[in-house]
>>> print(open('input.cif').read())   # mmCIF, C-alpha atoms
data_query
loop_
_atom_site.group_PDB
_atom_site.id
_atom_site.type_symbol
_atom_site.label_atom_id
_atom_site.label_comp_id
_atom_site.auth_asym_id
_atom_site.auth_seq_id
_atom_site.Cartn_x
_atom_site.Cartn_y
_atom_site.Cartn_z
ATOM 1 C CA MET A 1 100.449 118.662 93.554
ATOM 2 C CA GLN A 2 98.449 116.375 91.277
ATOM 3 C CA ILE A 3 99.468 112.725 90.816
ATOM 4 C CA LYS A 4 97.160 110.846 88.495
ATOM 5 C CA ASP A 5 93.636 111.391 89.881
ATOM 6 C CA LYS A 6 94.623 112.517 93.437
ATOM 7 C CA LYS A 7 95.760 115.804 94.953
ATOM 8 C CA PHE A 8 98.581 115.982 97.486
ATOM 9 C CA GLU A 9 100.045 118.726 99.705
ATOM 10 C CA LEU A 10 103.574 119.139 101.088
ATOM 11 C CA TYR A 11 103.949 117.210 104.323
ATOM 12 C CA ILE A 12 107.669 116.575 105.069
ATOM 13 C CA PRO A 13 110.338 118.664 103.312
ATOM 14 C CA GLU A 14 113.533 117.047 102.056
ATOM 15 C CA LYS A 15 115.681 118.731 104.742
ATOM 16 C CA GLU A 16 113.652 117.086 107.524
ATOM 17 C CA ILE A 17 113.834 113.726 105.723
ATOM 18 C CA GLN A 18 117.633 113.955 105.460
ATOM 19 C CA GLU A 19 117.990 114.899 109.151
ATOM 20 C CA SER A 20 115.922 111.864 110.156
ATOM 21 C CA ILE A 21 118.054 109.587 107.943
ATOM 22 C CA LYS A 22 121.244 110.833 109.620
ATOM 23 C CA LYS A 23 119.656 110.160 113.042
ATOM 24 C CA VAL A 24 118.865 106.544 112.056
ATOM 25 C CA ALA A 25 122.383 106.033 110.605
ATOM 26 C CA ASN A 26 123.996 107.346 113.800
ATOM 27 C CA GLN A 27 121.913 104.943 115.924
ATOM 28 C CA LEU A 28 122.854 101.999 113.691
ATOM 29 C CA ASN A 29 126.552 102.961 113.674
ATOM 30 C CA THR A 30 126.524 103.075 117.486
ATOM 31 C CA ASP A 31 124.537 99.871 118.049
ATOM 32 C CA TYR A 32 126.443 97.727 115.532
ATOM 33 C CA LYS A 33 129.991 99.073 115.898
ATOM 34 C CA GLY A 34 132.437 96.209 115.282
ATOM 35 C CA GLU A 35 129.691 93.871 114.031
ATOM 36 C CA GLU A 36 129.037 92.395 110.596
ATOM 37 C CA VAL A 37 125.718 93.664 109.240
ATOM 38 C CA VAL A 38 123.596 92.811 106.208
ATOM 39 C CA PHE A 39 121.119 95.474 105.158
ATOM 40 C CA ILE A 40 118.079 94.212 103.247
ATOM 41 C CA GLY A 41 116.288 96.983 101.369
ATOM 42 C CA VAL A 42 112.653 96.451 100.460
ATOM 43 C CA LEU A 43 111.835 97.422 96.887
ATOM 44 C CA ASN A 44 110.482 99.430 95.323
ATOM 45 C CA GLY A 45 109.738 102.024 97.991
ATOM 46 C CA ALA A 46 112.887 101.909 100.118
ATOM 47 C CA PHE A 47 115.395 102.546 97.329
ATOM 48 C CA MET A 48 115.825 106.268 98.097
ATOM 49 C CA PHE A 49 115.973 105.786 101.879
ATOM 50 C CA ALA A 50 118.399 102.863 101.500
ATOM 51 C CA GLY A 51 120.698 104.834 99.191
ATOM 52 C CA ASP A 52 120.834 107.878 101.451
ATOM 53 C CA LEU A 53 121.113 105.788 104.634
ATOM 54 C CA MET A 54 124.065 103.802 103.307
ATOM 55 C CA LYS A 55 125.995 107.027 102.635
ATOM 56 C CA ASP A 56 126.093 107.602 106.422
ATOM 57 C CA ILE A 57 126.762 104.005 107.539
ATOM 58 C CA ASP A 58 130.290 103.401 108.868
ATOM 59 C CA LEU A 59 130.068 99.652 109.429
ATOM 60 C CA GLU A 60 131.420 96.520 107.802
ATOM 61 C CA CYS A 61 128.313 95.666 105.834
ATOM 62 C CA GLU A 62 126.601 94.325 102.754
ATOM 63 C CA ILE A 63 123.377 95.481 101.159
ATOM 64 C CA SER A 64 120.900 93.426 99.205
ATOM 65 C CA PHE A 65 117.283 93.882 98.175
ATOM 66 C CA VAL A 66 114.030 91.951 98.212
ATOM 67 C CA LYS A 67 110.809 92.913 96.511
ATOM 68 C CA VAL A 68 107.364 92.431 97.998
ATOM 69 C CA LYS A 69 104.017 93.971 97.186
ATOM 70 C CA SER A 70 101.001 94.585 99.405
ATOM 71 C CA TYR A 71 99.415 97.819 98.129
ATOM 72 C CA LYS A 72 96.961 98.495 95.353
ATOM 73 C CA GLY A 73 96.156 102.173 94.862
ATOM 74 C CA THR A 74 95.965 103.899 98.263
ATOM 75 C CA SER A 75 95.274 100.885 100.477
ATOM 76 C CA SER A 76 96.815 97.598 101.520
ATOM 77 C CA THR A 77 95.433 94.451 99.944
ATOM 78 C CA GLY A 78 95.941 92.569 103.220
ATOM 79 C CA LYS A 79 98.194 90.075 101.411
ATOM 80 C CA VAL A 80 101.942 90.282 100.876
ATOM 81 C CA HIS A 81 103.370 88.816 97.682
ATOM 82 C CA GLU A 82 107.074 87.953 97.427
ATOM 83 C CA LEU A 83 108.311 89.068 94.005
ATOM 84 C CA ILE A 84 112.103 88.819 94.548
ATOM 85 C CA GLY A 85 113.311 86.762 97.494
ATOM 86 C CA LEU A 86 116.381 86.814 99.703
ATOM 87 C CA THR A 87 119.551 85.941 97.759
ATOM 88 C CA THR A 88 122.193 86.987 100.315
ATOM 89 C CA ASP A 89 123.701 84.732 102.986
ATOM 90 C CA VAL A 90 122.572 86.078 106.369
ATOM 91 C CA LYS A 91 123.554 83.102 108.556
ATOM 92 C CA GLU A 92 125.116 84.297 111.853
ATOM 93 C CA LYS A 93 124.925 87.953 110.723
ATOM 94 C CA HIS A 94 122.953 90.901 112.025
ATOM 95 C CA VAL A 95 120.201 91.779 109.543
ATOM 96 C CA ILE A 96 118.667 95.232 109.263
ATOM 97 C CA ILE A 97 115.552 95.388 107.104
ATOM 98 C CA ILE A 98 115.365 98.820 105.420
ATOM 99 C CA GLU A 99 111.768 99.918 104.881
ATOM 100 C CA ASP A 100 110.394 103.154 103.469
ATOM 101 C CA ILE A 101 107.291 103.013 105.673
ATOM 102 C CA VAL A 102 105.838 100.690 108.281
ATOM 103 C CA ASP A 103 102.087 100.869 108.691
ATOM 104 C CA SER A 104 100.045 97.678 109.277
ATOM 105 C CA GLY A 105 103.114 95.481 109.796
ATOM 106 C CA LEU A 106 101.930 92.809 107.339
ATOM 107 C CA THR A 107 104.957 93.271 105.093
ATOM 108 C CA LEU A 108 107.315 93.071 108.082
ATOM 109 C CA GLY A 109 105.745 89.806 109.189
ATOM 110 C CA LYS A 110 106.413 88.319 105.753
ATOM 111 C CA LEU A 111 109.982 89.661 105.728
ATOM 112 C CA TYR A 112 110.753 88.258 109.189
ATOM 113 C CA SER A 113 109.529 84.817 108.106
ATOM 114 C CA MET A 114 111.642 85.040 104.911
ATOM 115 C CA ILE A 115 114.794 85.952 106.861
ATOM 116 C CA GLU A 116 114.529 84.076 110.179
ATOM 117 C CA HIS A 117 114.725 80.591 108.672
ATOM 118 C CA HIS A 118 118.230 81.514 107.388
ATOM 119 C CA ASP A 119 119.572 81.657 111.001
ATOM 120 C CA PRO A 120 120.654 85.301 111.292
ATOM 121 C CA LYS A 121 122.297 86.513 114.499
ATOM 122 C CA SER A 122 119.536 89.120 114.848
ATOM 123 C CA VAL A 123 116.871 90.898 112.786
ATOM 124 C CA GLN A 124 115.797 94.518 113.258
ATOM 125 C CA VAL A 125 113.996 97.096 111.153
ATOM 126 C CA ALA A 126 115.085 100.583 110.134
ATOM 127 C CA THR A 127 112.297 102.617 108.575
ATOM 128 C CA LEU A 128 112.103 106.148 107.338
ATOM 129 C CA LEU A 129 108.434 106.468 108.364
ATOM 130 C CA TYR A 130 106.333 104.674 110.962
ATOM 131 C CA LYS A 131 102.565 104.843 111.470
ATOM 132 C CA PRO A 132 102.152 103.526 115.049
ATOM 133 C CA ASP A 133 98.355 103.985 114.948
ATOM 134 C CA ALA A 134 98.103 101.591 111.981
ATOM 135 C CA PHE A 135 100.593 98.976 113.254
ATOM 136 C CA GLN A 136 99.152 95.530 114.042
ATOM 137 C CA GLY A 137 102.240 93.336 113.689
ATOM 138 C CA LYS A 138 104.527 91.504 116.105
ATOM 139 C CA HIS A 139 107.791 93.272 115.241
ATOM 140 C CA PRO A 140 107.662 97.077 115.519
ATOM 141 C CA PRO A 141 110.623 98.881 113.935
ATOM 142 C CA LYS A 142 113.541 99.634 116.268
ATOM 143 C CA TYR A 143 115.048 102.424 114.143
ATOM 144 C CA VAL A 144 112.541 105.081 113.083
ATOM 145 C CA GLY A 145 113.213 108.271 111.159
ATOM 146 C CA LEU A 146 109.803 109.890 111.732
ATOM 147 C CA GLU A 147 106.502 108.809 113.260
ATOM 148 C CA ILE A 148 103.491 110.000 111.281
ATOM 149 C CA PRO A 149 99.698 109.675 111.476
ATOM 150 C CA ASN A 150 97.831 107.133 109.382
ATOM 151 C CA LYS A 151 97.464 109.190 106.180
ATOM 152 C CA PHE A 152 98.368 108.192 102.633
ATOM 153 C CA ILE A 153 101.635 109.774 101.508
ATOM 154 C CA VAL A 154 103.763 109.886 98.383
ATOM 155 C CA GLY A 155 107.299 110.944 97.435
ATOM 156 C CA PHE A 156 110.859 109.995 98.402
ATOM 157 C CA GLY A 157 110.366 106.457 97.089
ATOM 158 C CA LEU A 158 106.695 106.118 98.082
ATOM 159 C CA ASP A 159 104.220 105.909 95.241
ATOM 160 C CA TYR A 160 100.642 106.272 94.178
ATOM 161 C CA LEU A 161 99.974 103.754 91.401
ATOM 162 C CA GLU A 162 103.767 103.636 90.770
ATOM 163 C CA ALA A 163 103.994 107.432 90.264
ATOM 164 C CA GLY A 164 105.634 110.019 92.530
ATOM 165 C CA ARG A 165 108.588 107.944 93.762
ATOM 166 C CA ASN A 166 111.074 110.494 92.377
ATOM 167 C CA ILE A 167 109.774 113.466 94.421
ATOM 168 C CA ARG A 168 112.370 114.776 96.919
ATOM 169 C CA ASP A 169 109.804 115.780 99.566
ATOM 170 C CA ILE A 170 106.930 113.771 101.024
ATOM 171 C CA TYR A 171 103.353 114.816 100.260
ATOM 172 C CA GLN A 172 100.130 113.714 101.936
ATOM 173 C CA ILE A 173 96.864 113.107 100.181
ATOM 174 C CA ILE A 174 94.183 115.797 100.306
ATOM 175 C CA GLU A 175 90.956 113.978 101.137
#
>>> encode(input="input.cif", output="structure tokens")
Amino acid sequence: MQIKDKKFELYIPEKEIQESIKKVANQLNTDYKGEEVVFIGVLNGAFMFAGDLMKDIDLECEISFVKVKSYKGTSSTGKVHELIGLTTDVKEKHVIIIEDIVDSGLTLGKLYSMIEHHDPKSVQVATLLYKPDAFQGKHPPKYVGLEIPNKFIVGFGLDYLEAGRNIRDIYQIIE
């Protein structure tokens, strides 16, 4: 598959993605049964994961979104910019950050600092994809759909120069 100037090959089919989402939802439903939860989706990438995840969540909950940016092209800039901040009251509530992918952990560090000064009961991360070999942060995700190697991927909400988010499967770059 060609997206802009890069070639990509099928990496994770939609069926496997959906199975991993159900696994994460089941873990969350078990761990937070009877609790009040606020889900915070991270735009733009997590919109597809968040939408599908919420279909399988059986908890008293709210969902809101924040928007941060740390990528340019196929690599992280090393800086996280807050574009849309937290607008939901999270005081004394369990917060689950919904991420499409966790790699370096820089974005998570920024999100934790945004949320923790609002006095939540707890903060955890649910991510569709996790690159443990790339992670350098303090807060690894607790709820992980799939662990993957440190390769650039696109599809299911993930983009290359804002393109490819609408693809149902996940593709990896052909070097």
>>> closest_residue(input="input.cif", among="A:Val68, A:Ile101, A:Val125, A:Met114", to="Pro149 of chain A", atoms="all atoms listed in the file")
A:Ile101
>>> resolve_selection(input="input.cif", expression="the PyMOL selection byres ((chain A and resi 58) around 12)", output="ChimeraX atom specification")
/A:22,25-37,53-57,59-62
>>> closest_residue(input="input.cif", among="A:His139, A:Thr127, A:Ser104, A:Lys7", to="Ile173 of chain A", atoms="only C-alpha atoms")
A:Lys7
>>> resolve_selection(input="input.cif", expression="the PyMOL selection byres ((chain A and resi 19) around 12)", output="list in words")
Ile12, Pro13, Glu14, Lys15, Glu16, Ile17, Gln18, Ser20, Ile21, Lys22, Lys23, Val24, Ala25, Asn26, Phe49, Asp52, Leu53, Asp56, Leu128, Val144, Gly145 and Leu146 of chain A
>>> write_last_selection(input="input.cif", atoms="C-alpha atoms", output="PDB file, keeping the file's coordinate frame")
ATOM      1  CA  ILE A  12     107.669 116.575 105.069  1.00  0.00           C
ATOM      2  CA  PRO A  13     110.338 118.664 103.312  1.00  0.00           C
ATOM      3  CA  GLU A  14     113.533 117.047 102.056  1.00  0.00           C
ATOM      4  CA  LYS A  15     115.681 118.731 104.742  1.00  0.00           C
ATOM      5  CA  GLU A  16     113.652 117.086 107.524  1.00  0.00           C
ATOM      6  CA  ILE A  17     113.834 113.726 105.723  1.00  0.00           C
ATOM      7  CA  GLN A  18     117.633 113.955 105.460  1.00  0.00           C
ATOM      8  CA  SER A  20     115.922 111.864 110.156  1.00  0.00           C
ATOM      9  CA  ILE A  21     118.054 109.587 107.943  1.00  0.00           C
ATOM     10  CA  LYS A  22     121.244 110.833 109.620  1.00  0.00           C
ATOM     11  CA  LYS A  23     119.656 110.160 113.042  1.00  0.00           C
ATOM     12  CA  VAL A  24     118.865 106.544 112.056  1.00  0.00           C
ATOM     13  CA  ALA A  25     122.383 106.033 110.605  1.00  0.00           C
ATOM     14  CA  ASN A  26     123.996 107.346 113.800  1.00  0.00           C
ATOM     15  CA  PHE A  49     115.973 105.786 101.879  1.00  0.00           C
ATOM     16  CA  ASP A  52     120.834 107.878 101.451  1.00  0.00           C
ATOM     17  CA  LEU A  53     121.113 105.788 104.634  1.00  0.00           C
ATOM     18  CA  ASP A  56     126.093 107.602 106.422  1.00  0.00           C
ATOM     19  CA  LEU A 128     112.103 106.148 107.338  1.00  0.00           C
ATOM     20  CA  VAL A 144     112.541 105.081 113.083  1.00  0.00           C
ATOM     21  CA  GLY A 145     113.213 108.271 111.159  1.00  0.00           C
ATOM     22  CA  LEU A 146     109.803 109.890 111.732  1.00  0.00           C
TER      23      LEU A 146
END
>>> closest_residue(input="input.cif", among="A:Tyr143, A:Tyr112, A:Phe47, A:Phe8", to="Phe156 of chain A", atoms="all atoms listed in the file")
A:Phe47
>>> atom_distance(input="input.cif", atom1="atom CA of Ile148 of chain A", atom2="atom CA of Phe65 of chain A")
24.9 Å
>>> residues_around(input="input.cif", residues="Pro140 of chain A", least_positions_apart="3", cutoff="8 Å", atoms="all atoms listed in the file", output="PyMOL selection string")
chain A and resi 105+125+135+137
>>> atom_distance(input="input.cif", atom1="atom CA of Glu92 of chain A", atom2="atom CA of Leu106 of chain A")
25.1 Å
>>> axis_aligned_box(input="input.cif", around="segment 90-99 of chain A", padding_each_side="5 Å", output="JSON")
{"center_x": 118.4, "center_y": 91.5, "center_z": 108.5, "size_x": 23.3, "size_y": 26.8, "size_z": 17.1}
>>> atom_distance(input="input.cif", atom1="atom CA of Ile40 of chain A", atom2="atom CA of Ile96 of chain A")
6.1 Å
>>> closest_residue(input="input.cif", among="A:Ala126, A:Leu161, A:Val90, A:Val95", to="Ala46 of chain A", atoms="all atoms listed in the file")
A:Ala126
>>> resolve_selection(input="input.cif", expression="the PyMOL selection byres ((chain A and resi 1) around 10)", output="PyMOL selection string")
chain A and resi 2-4+6-10+171-174
>>> closest_residue(input="input.cif", among="A:Asp103, A:Lys110, A:Ala163, A:Ile97", to="Ala134 of chain A", atoms="only C-alpha atoms")
A:Asp103
>>> closest_residue(input="input.cif", among="A:Thr88, A:Ser122, A:Thr107, A:Asn166", to="Lys69 of chain A", atoms="only C-alpha atoms")
A:Thr107
>>> build_atoms(input="input.cif", residues="segment 137-157 of chain A", atoms="N, CA, C and O atoms", output="mmCIF file, in the frame of the given file")
data_model
loop_
_atom_site.group_PDB
_atom_site.id
_atom_site.type_symbol
_atom_site.label_atom_id
_atom_site.label_comp_id
_atom_site.auth_asym_id
_atom_site.auth_seq_id
_atom_site.Cartn_x
_atom_site.Cartn_y
_atom_site.Cartn_z
ATOM 1 N N GLY A 137 101.325 94.476 113.777
ATOM 2 C CA GLY A 137 102.240 93.336 113.689
ATOM 3 C C GLY A 137 102.878 92.963 115.009
ATOM 4 O O GLY A 137 102.585 93.529 116.061
ATOM 5 N N LYS A 138 103.806 91.998 114.933
ATOM 6 C CA LYS A 138 104.527 91.504 116.105
ATOM 7 C C LYS A 138 105.878 92.177 116.288
ATOM 8 O O LYS A 138 106.450 92.126 117.361
ATOM 9 N N HIS A 139 106.420 92.751 115.217
ATOM 10 C CA HIS A 139 107.791 93.272 115.241
ATOM 11 C C HIS A 139 107.810 94.761 114.885
ATOM 12 O O HIS A 139 108.044 95.108 113.731
ATOM 13 N N PRO A 140 107.587 95.651 115.846
ATOM 14 C CA PRO A 140 107.662 97.077 115.519
ATOM 15 C C PRO A 140 109.102 97.465 115.149
ATOM 16 O O PRO A 140 110.054 96.833 115.619
ATOM 17 N N PRO A 141 109.266 98.473 114.324
ATOM 18 C CA PRO A 141 110.623 98.881 113.935
ATOM 19 C C PRO A 141 111.400 99.453 115.116
ATOM 20 O O PRO A 141 110.835 100.167 115.945
ATOM 21 N N LYS A 142 112.682 99.112 115.198
ATOM 22 C CA LYS A 142 113.541 99.634 116.268
ATOM 23 C C LYS A 142 114.126 100.993 115.895
ATOM 24 O O LYS A 142 114.317 101.846 116.749
ATOM 25 N N TYR A 143 114.411 101.191 114.620
ATOM 26 C CA TYR A 143 115.048 102.424 114.143
ATOM 27 C C TYR A 143 114.054 103.178 113.267
ATOM 28 O O TYR A 143 113.702 102.715 112.190
ATOM 29 N N VAL A 144 113.610 104.330 113.748
ATOM 30 C CA VAL A 144 112.541 105.081 113.083
ATOM 31 C C VAL A 144 113.013 106.499 112.799
ATOM 32 O O VAL A 144 113.443 107.206 113.714
ATOM 33 N N GLY A 145 112.895 106.894 111.523
ATOM 34 C CA GLY A 145 113.213 108.271 111.159
ATOM 35 C C GLY A 145 112.166 109.231 111.700
ATOM 36 O O GLY A 145 112.471 110.127 112.470
ATOM 37 N N LEU A 146 110.907 109.015 111.308
ATOM 38 C CA LEU A 146 109.803 109.890 111.732
ATOM 39 C C LEU A 146 108.540 109.063 111.968
ATOM 40 O O LEU A 146 108.222 108.181 111.181
ATOM 41 N N GLU A 147 107.828 109.382 113.041
ATOM 42 C CA GLU A 147 106.502 108.809 113.260
ATOM 43 C C GLU A 147 105.480 109.759 112.657
ATOM 44 O O GLU A 147 105.588 110.979 112.829
ATOM 45 N N ILE A 148 104.504 109.183 111.943
ATOM 46 C CA ILE A 148 103.491 110.000 111.281
ATOM 47 C C ILE A 148 102.101 109.410 111.533
ATOM 48 O O ILE A 148 101.987 108.225 111.856
ATOM 49 N N PRO A 149 101.053 110.219 111.351
ATOM 50 C CA PRO A 149 99.698 109.675 111.476
ATOM 51 C C PRO A 149 99.357 108.779 110.283
ATOM 52 O O PRO A 149 100.090 108.731 109.297
ATOM 53 N N ASN A 150 98.235 108.099 110.391
ATOM 54 C CA ASN A 150 97.831 107.133 109.382
ATOM 55 C C ASN A 150 97.150 107.815 108.187
ATOM 56 O O ASN A 150 95.955 107.681 107.975
ATOM 57 N N LYS A 151 97.948 108.549 107.406
ATOM 58 C CA LYS A 151 97.464 109.190 106.180
ATOM 59 C C LYS A 151 98.273 108.652 105.011
ATOM 60 O O LYS A 151 99.429 108.269 105.161
ATOM 61 N N PHE A 152 97.675 108.669 103.823
ATOM 62 C CA PHE A 152 98.368 108.192 102.633
ATOM 63 C C PHE A 152 99.352 109.258 102.157
ATOM 64 O O PHE A 152 98.995 110.433 102.029
ATOM 65 N N ILE A 153 100.589 108.837 101.917
ATOM 66 C CA ILE A 153 101.635 109.774 101.508
ATOM 67 C C ILE A 153 102.342 109.267 100.259
ATOM 68 O O ILE A 153 102.267 108.084 99.913
ATOM 69 N N VAL A 154 103.060 110.191 99.614
ATOM 70 C CA VAL A 154 103.763 109.886 98.383
ATOM 71 C C VAL A 154 105.048 110.716 98.336
ATOM 72 O O VAL A 154 105.135 111.768 98.960
ATOM 73 N N GLY A 155 106.030 110.236 97.599
ATOM 74 C CA GLY A 155 107.299 110.944 97.435
ATOM 75 C C GLY A 155 108.422 110.234 98.163
ATOM 76 O O GLY A 155 108.205 109.364 98.997
ATOM 77 N N PHE A 156 109.649 110.577 97.823
ATOM 78 C CA PHE A 156 110.859 109.995 98.402
ATOM 79 C C PHE A 156 110.789 108.460 98.398
ATOM 80 O O PHE A 156 111.030 107.803 99.400
ATOM 81 N N GLY A 157 110.422 107.903 97.254
ATOM 82 C CA GLY A 157 110.366 106.457 97.089
ATOM 83 C C GLY A 157 108.966 105.880 97.217
ATOM 84 O O GLY A 157 108.684 104.810 96.700
#
